[in-house]
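Here is the structure we will look at, set down as structure tokens.
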Amino acid sequence: MKKTIVTGITVLLPFLFGYLCFIAQAVITTSLGHRSREASYFRKSEEILHKFDSERRSNLLSGLPKLSTNTYLDRRNALDNTIESPSRENATILMLVRNWELDGALKSMRSLEDRFNGKYHYDWTFLNDVPFENAFIEATTAMASGRTAYGLIPPSDWNRPDTVDEEDFENCLQLMEEKGVIYGGSRSYRNMCRFNSGYFFRQKLLDNYQYYFRVEPDVEYYCDFPYDPFKLLREQRKKYGFVISMYEYEDTIPTLWDAVEDFMADNSDVVDMTDNLYQFITDDSVIGKDAPIIQSNSAYNLCHFWSNFEVGDLSFFRSDEYLKYFEALDARGGFYYERWGDAPVHSIAVALLLKPSEVIHFDQIGYYHVPFGTCPAAHDMRLHLRCLCDPTMEENIDIQPHSCLVRWWKCGSGKFFMQNA
Ligand SMILES: Nc1nc2c(ncn2[C@@H]2O[C@H](COP(=O)(O)OP(=O)(O)OP(=O)(O)O)[C@@H](O)[C@H]2O)c(=O)[nH]1
Ligand SMILES: [Mg+2]
């Protein structure tokens with residue numbers, strides 16, 4: 001019995017030894033392979049790091065491929081991320097928001113803080129038509145890197161004015177709802193659009209600021225900001241900045257353009273047709289291979305700047321010209337009988353009352369608000385700004401037929417190339 005066991009062991013031992021050698025060799029080979037792969041990944045990431053390090057250190061304007069941008073930097077060190085405490089402009093980030101939108105508000109805040117404000121600590125101003133709850137105040141204050149302030153909008157700035165006929169209004173609501181117009185049956189949405197068109201800039205909390213940056217709940221900023229947009233506005237004497245432009249649903253504004261034409265006729269002294277953006281909002285020519293996908297029934301081509309992202313100079317909205325424009329539109333009751341949005345209302349004012357050189361397309365800012373986004377087109381730029389977006393993604397509206405960006409390039413302030421800057 002013992003002998004059988006010994007013989008068995010003697011026979012098995014070489015197999016066992018061979019098996020162990022095989023395992024050991026496999027382990028060593030895998031580990032060596034792993035190490036060398038790791039080393040090559042490391043080398044690659046070092047190379048990339050160095051390549052874009054030099055770019056991060058401000059060399060954007062020399063020796064690189066020709067990048068197109070409208071927001072090129074004048075000062076080379078403006079891209080230097082090592083600046084510890086950059087100076088601030090007289091500006092606030094502004095969010096009109098409801099208590100129940102807290103989660104979405106925090107998501108937007110987190111994104112903007114990470115991508116921009118964490119370095120600058122601009123104040124956040126929150127506005128609401130009802131008092132903010134403590135939980136909202138607590139969580140948003142904790143999320144902000146700057147000071148926070150919370151404002152209650154006076155009912156007179158928010159509610160439907162008495163001049164709007166109750167019965168006509170109810171009929172219009174019903175008709176629009178039946179027609180399936182987006183937010184066509186909503187009363188509060190109309191208050192919100194009228195408030196954003198004519199009253200946000202009159203709120204007490206904004207009195208001491210010159211610039212605002214509008215933020216909505218549930219938006220995302222895809223890339224690090226390459227500059228302080230407020231500073232860019234001041235240094236380049238801009239009054240309004242946007243990231244996305246597209247066509248409006250005509251069903252929401254059937255008579256808006258009539259009101260605008262009347263305003264223009266009555267105020268030819270304030271609308272300078274020789275140096276404004278009238279062409280941008282009326283041109284309907286085919287550009288490239290795309291005709292406007294929406295045929296308008298008026299001279300307005302329905303192009304507007306998407307106002308959920310705006311960086312602007314409050315003095316423009318506070319100006320007599322803008323106030324006159326708003327009063328003229330408001331007197332028509334179209335915010336209620338139709339469903340005029342603040343985006344076309346702002347955009348038409350910007351186009352008529354500002355010079356092309358006072359409006360800026362922030363083409364290096366990556367942004368998403370459901371269902372569209374914009375993502376910097378240049379590969380180098382996306383790496384440099386640590387973007388989390390792909391310009392070929394379906395949501396990227398930039399050069400899709402329903403975007404007005406190409407029309408902006410043609411009729412707005414054009415497109416620049418960095419090396420020519
Ligand atoms: N306080 C308050 N804020 C509102 C009200 N309605 C909308 N808002 C805010 O106004 C902004 C625009 O409203 P949204 O509902 O986002 O409108 P929208 O962007 O056209 O449409 P969505 O596709 O739903 O985002 C957001 O910041 C909202 O939080 C309201 O009744 N009260
Ligand atoms: Mg929104």
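Every chain in the structure tokens has a letter given in the order shown (A, B, ...), and although residue numbers restart at 1 in each chain, ligands are simply numbered from 1 in the order shown.
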
Taking only residues of chain A that have an atom at most 12 Å from an atom of ligand 2, what is each one's shortest atom pair and its distance in Å to one decimal, using only C-alpha atoms and all ligand atoms, in chain and number order, as JSON lines?
{"residue": "A:Met95", "atom": "CA", "partner": "ligand 2", "partner_atom_place_in_ligand_line": "1 (Mg)", "distance": 10.9}
{"residue": "A:Leu96", "atom": "CA", "partner": "ligand 2", "partner_atom_place_in_ligand_line": "1 (Mg)", "distance": 10.2}
{"residue": "A:Val97", "atom": "CA", "partner": "ligand 2", "partner_atom_place_in_ligand_line": "1 (Mg)", "distance": 9.9}
{"residue": "A:Arg98", "atom": "CA", "partner": "ligand 2", "partner_atom_place_in_ligand_line": "1 (Mg)", "distance": 11.8}
{"residue": "A:Glu101", "atom": "CA", "partner": "ligand 2", "partner_atom_place_in_ligand_line": "1 (Mg)", "distance": 10.9}
{"residue": "A:Gly104", "atom": "CA", "partner": "ligand 2", "partner_atom_place_in_ligand_line": "1 (Mg)", "distance": 10.2}
{"residue": "A:Ala105", "atom": "CA", "partner": "ligand 2", "partner_atom_place_in_ligand_line": "1 (Mg)", "distance": 10.9}
{"residue": "A:Ser108", "atom": "CA", "partner": "ligand 2", "partner_atom_place_in_ligand_line": "1 (Mg)", "distance": 11.3}
{"residue": "A:Tyr183", "atom": "CA", "partner": "ligand 2", "partner_atom_place_in_ligand_line": "1 (Mg)", "distance": 11.8}
{"residue": "A:Tyr189", "atom": "CA", "partner": "ligand 2", "partner_atom_place_in_ligand_line": "1 (Mg)", "distance": 10.7}
{"residue": "A:Met192", "atom": "CA", "partner": "ligand 2", "partner_atom_place_in_ligand_line": "1 (Mg)", "distance": 11.1}
{"residue": "A:Cys193", "atom": "CA", "partner": "ligand 2", "partner_atom_place_in_ligand_line": "1 (Mg)", "distance": 11.3}
{"residue": "A:Arg214", "atom": "CA", "partner": "ligand 2", "partner_atom_place_in_ligand_line": "1 (Mg)", "distance": 11.0}
{"residue": "A:Val215", "atom": "CA", "partner": "ligand 2", "partner_atom_place_in_ligand_line": "1 (Mg)", "distance": 9.0}
{"residue": "A:Glu216", "atom": "CA", "partner": "ligand 2", "partner_atom_place_in_ligand_line": "1 (Mg)", "distance": 5.9}
{"residue": "A:Pro217", "atom": "CA", "partner": "ligand 2", "partner_atom_place_in_ligand_line": "1 (Mg)", "distance": 6.9}
{"residue": "A:Asp218", "atom": "CA", "partner": "ligand 2", "partner_atom_place_in_ligand_line": "1 (Mg)", "distance": 7.7}
{"residue": "A:Val219", "atom": "CA", "partner": "ligand 2", "partner_atom_place_in_ligand_line": "1 (Mg)", "distance": 7.9}
{"residue": "A:Glu220", "atom": "CA", "partner": "ligand 2", "partner_atom_place_in_ligand_line": "1 (Mg)", "distance": 11.6}
{"residue": "A:Trp306", "atom": "CA", "partner": "ligand 2", "partner_atom_place_in_ligand_line": "1 (Mg)", "distance": 9.9}
{"residue": "A:Ser307", "atom": "CA", "partner": "ligand 2", "partner_atom_place_in_ligand_line": "1 (Mg)", "distance": 9.1}
{"residue": "A:Asn308", "atom": "CA", "partner": "ligand 2", "partner_atom_place_in_ligand_line": "1 (Mg)", "distance": 6.1}
{"residue": "A:Phe309", "atom": "CA", "partner": "ligand 2", "partner_atom_place_in_ligand_line": "1 (Mg)", "distance": 9.5}
{"residue": "A:Gly341", "atom": "CA", "partner": "ligand 2", "partner_atom_place_in_ligand_line": "1 (Mg)", "distance": 11.8}
{"residue": "A:Asp342", "atom": "CA", "partner": "ligand 2", "partner_atom_place_in_ligand_line": "1 (Mg)", "distance": 11.8}
{"residue": "A:Ala343", "atom": "CA", "partner": "ligand 2", "partner_atom_place_in_ligand_line": "1 (Mg)", "distance": 11.4}
{"residue": "A:Tyr368", "atom": "CA", "partner": "ligand 2", "partner_atom_place_in_ligand_line": "1 (Mg)", "distance": 10.4}
{"residue": "A:His369", "atom": "CA", "partner": "ligand 2", "partner_atom_place_in_ligand_line": "1 (Mg)", "distance": 6.7}
{"residue": "A:Val370", "atom": "CA", "partner": "ligand 2", "partner_atom_place_in_ligand_line": "1 (Mg)", "distance": 7.5}
{"residue": "A:Pro371", "atom": "CA", "partner": "ligand 2", "partner_atom_place_in_ligand_line": "1 (Mg)", "distance": 9.7}
{"residue": "A:Phe372", "atom": "CA", "partner": "ligand 2", "partner_atom_place_in_ligand_line": "1 (Mg)", "distance": 11.0}

Please return, as a PDB file with N, CA and C atoms, in the first residue's frame, all residues of stretch 106-245 of chain A that DSSP assigns to strand (DSSP E) on the basis of the backbone.
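Result written to out09.pdb:
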ATOM      1  N   ASP A 123     -20.592  85.693  -6.825  1.00  0.00           N
ATOM      2  CA  ASP A 123     -21.821  85.522  -6.038  1.00  0.00           C
ATOM      3  C   ASP A 123     -22.886  84.803  -6.858  1.00  0.00           C
ATOM      4  N   TRP A 124     -23.730  84.094  -6.155  1.00  0.00           N
ATOM      5  CA  TRP A 124     -24.916  83.478  -6.771  1.00  0.00           C
ATOM      6  C   TRP A 124     -26.148  84.227  -6.277  1.00  0.00           C
ATOM      7  N   THR A 125     -27.042  84.583  -7.202  1.00  0.00           N
ATOM      8  CA  THR A 125     -28.304  85.207  -6.820  1.00  0.00           C
ATOM      9  C   THR A 125     -29.446  84.295  -7.270  1.00  0.00           C
ATOM     10  N   PHE A 126     -30.295  83.940  -6.326  1.00  0.00           N
ATOM     11  CA  PHE A 126     -31.429  83.062  -6.640  1.00  0.00           C
ATOM     12  C   PHE A 126     -32.726  83.866  -6.531  1.00  0.00           C
ATOM     13  N   LEU A 127     -33.604  83.698  -7.508  1.00  0.00           N
ATOM     14  CA  LEU A 127     -34.886  84.393  -7.489  1.00  0.00           C
ATOM     15  C   LEU A 127     -36.021  83.381  -7.546  1.00  0.00           C
ATOM     16  N   ASN A 128     -37.124  83.749  -6.895  1.00  0.00           N
ATOM     17  CA  ASN A 128     -38.276  82.837  -6.852  1.00  0.00           C
ATOM     18  C   ASN A 128     -39.545  83.672  -6.671  1.00  0.00           C
ATOM     19  N   THR A 148     -24.072  83.817  -1.443  1.00  0.00           N
ATOM     20  CA  THR A 148     -25.382  83.548  -2.051  1.00  0.00           C
ATOM     21  C   THR A 148     -26.399  84.559  -1.522  1.00  0.00           C
ATOM     22  N   ALA A 149     -27.390  84.873  -2.384  1.00  0.00           N
ATOM     23  CA  ALA A 149     -28.474  85.769  -1.963  1.00  0.00           C
ATOM     24  C   ALA A 149     -29.768  85.240  -2.561  1.00  0.00           C
ATOM     25  N   TYR A 150     -30.850  85.416  -1.824  1.00  0.00           N
ATOM     26  CA  TYR A 150     -32.131  84.818  -2.211  1.00  0.00           C
ATOM     27  C   TYR A 150     -33.201  85.902  -2.266  1.00  0.00           C
ATOM     28  N   GLY A 151     -33.856  86.037  -3.412  1.00  0.00           N
ATOM     29  CA  GLY A 151     -34.814  87.122  -3.568  1.00  0.00           C
ATOM     30  C   GLY A 151     -36.218  86.609  -3.844  1.00  0.00           C
ATOM     31  N   LEU A 152     -37.190  87.320  -3.249  1.00  0.00           N
ATOM     32  CA  LEU A 152     -38.600  87.013  -3.503  1.00  0.00           C
ATOM     33  C   LEU A 152     -39.121  88.048  -4.499  1.00  0.00           C
ATOM     34  N   TYR A 211     -22.990  92.854 -14.507  1.00  0.00           N
ATOM     35  CA  TYR A 211     -23.124  91.701 -15.401  1.00  0.00           C
ATOM     36  C   TYR A 211     -23.848  90.552 -14.711  1.00  0.00           C
ATOM     37  N   TYR A 212     -24.539  89.745 -15.502  1.00  0.00           N
ATOM     38  CA  TYR A 212     -25.183  88.545 -14.965  1.00  0.00           C
ATOM     39  C   TYR A 212     -24.866  87.373 -15.873  1.00  0.00           C
ATOM     40  N   PHE A 213     -24.941  86.195 -15.289  1.00  0.00           N
ATOM     41  CA  PHE A 213     -24.738  84.940 -16.021  1.00  0.00           C
ATOM     42  C   PHE A 213     -25.938  84.072 -15.672  1.00  0.00           C
ATOM     43  N   ARG A 214     -26.827  83.873 -16.625  1.00  0.00           N
ATOM     44  CA  ARG A 214     -28.042  83.109 -16.326  1.00  0.00           C
ATOM     45  C   ARG A 214     -27.769  81.608 -16.347  1.00  0.00           C
ATOM     46  N   GLU A 220     -25.523  71.458 -17.921  1.00  0.00           N
ATOM     47  CA  GLU A 220     -24.162  70.980 -17.694  1.00  0.00           C
ATOM     48  C   GLU A 220     -23.181  71.800 -18.517  1.00  0.00           C
ATOM     49  N   TYR A 221     -22.035  72.068 -17.934  1.00  0.00           N
ATOM     50  CA  TYR A 221     -20.970  72.764 -18.660  1.00  0.00           C
ATOM     51  C   TYR A 221     -19.917  71.703 -18.953  1.00  0.00           C
ATOM     52  N   TYR A 240     -23.713  91.264 -24.733  1.00  0.00           N
ATOM     53  CA  TYR A 240     -24.535  90.049 -24.677  1.00  0.00           C
ATOM     54  C   TYR A 240     -23.746  88.889 -25.277  1.00  0.00           C
ATOM     55  N   GLY A 241     -23.752  87.759 -24.563  1.00  0.00           N
ATOM     56  CA  GLY A 241     -23.035  86.584 -25.052  1.00  0.00           C
ATOM     57  C   GLY A 241     -23.923  85.355 -25.025  1.00  0.00           C
ATOM     58  N   PHE A 242     -23.772  84.513 -26.049  1.00  0.00           N
ATOM     59  CA  PHE A 242     -24.609  83.311 -26.154  1.00  0.00           C
ATOM     60  C   PHE A 242     -23.752  82.110 -26.552  1.00  0.00           C
ATOM     61  N   SER A 245     -27.796  79.043 -30.770  1.00  0.00           N
ATOM     62  CA  SER A 245     -28.839  79.822 -31.438  1.00  0.00           C
ATOM     63  C   SER A 245     -29.627  78.871 -32.335  1.00  0.00           C
TER      64      SER A 245
END

What does the structure give for the distance between atom CA of A:Ile365 and atom CA of A:Pro226, in Å to one decimal?
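Computed distance, atom CA of A:Ile365 to atom CA of A:Pro226, equals 7.8 Å.
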
Contact residues around A:His121 with only C-alpha atoms at 12 Å, ignoring same-chain residues under 6 positions, as a list in words
Glu84, Ser85, Pro86, Ser87, Arg88, Glu89, Asn90, Ala91, Thr92, Ile93, Met109, Leu112, Glu113, Asp114, Arg115, Met143, Ala144, Ser145, Gly146, Arg147, Thr148 and Asp228 of chain A

Minimum-distance residue to ligand 1, chosen among A:Ser413, A:Ser285, A:Ser188, A:Thr10 (using only C-alpha atoms and all ligand atoms)
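Looking at the shortest contact to ligand 1, the residue is A:Ser188.
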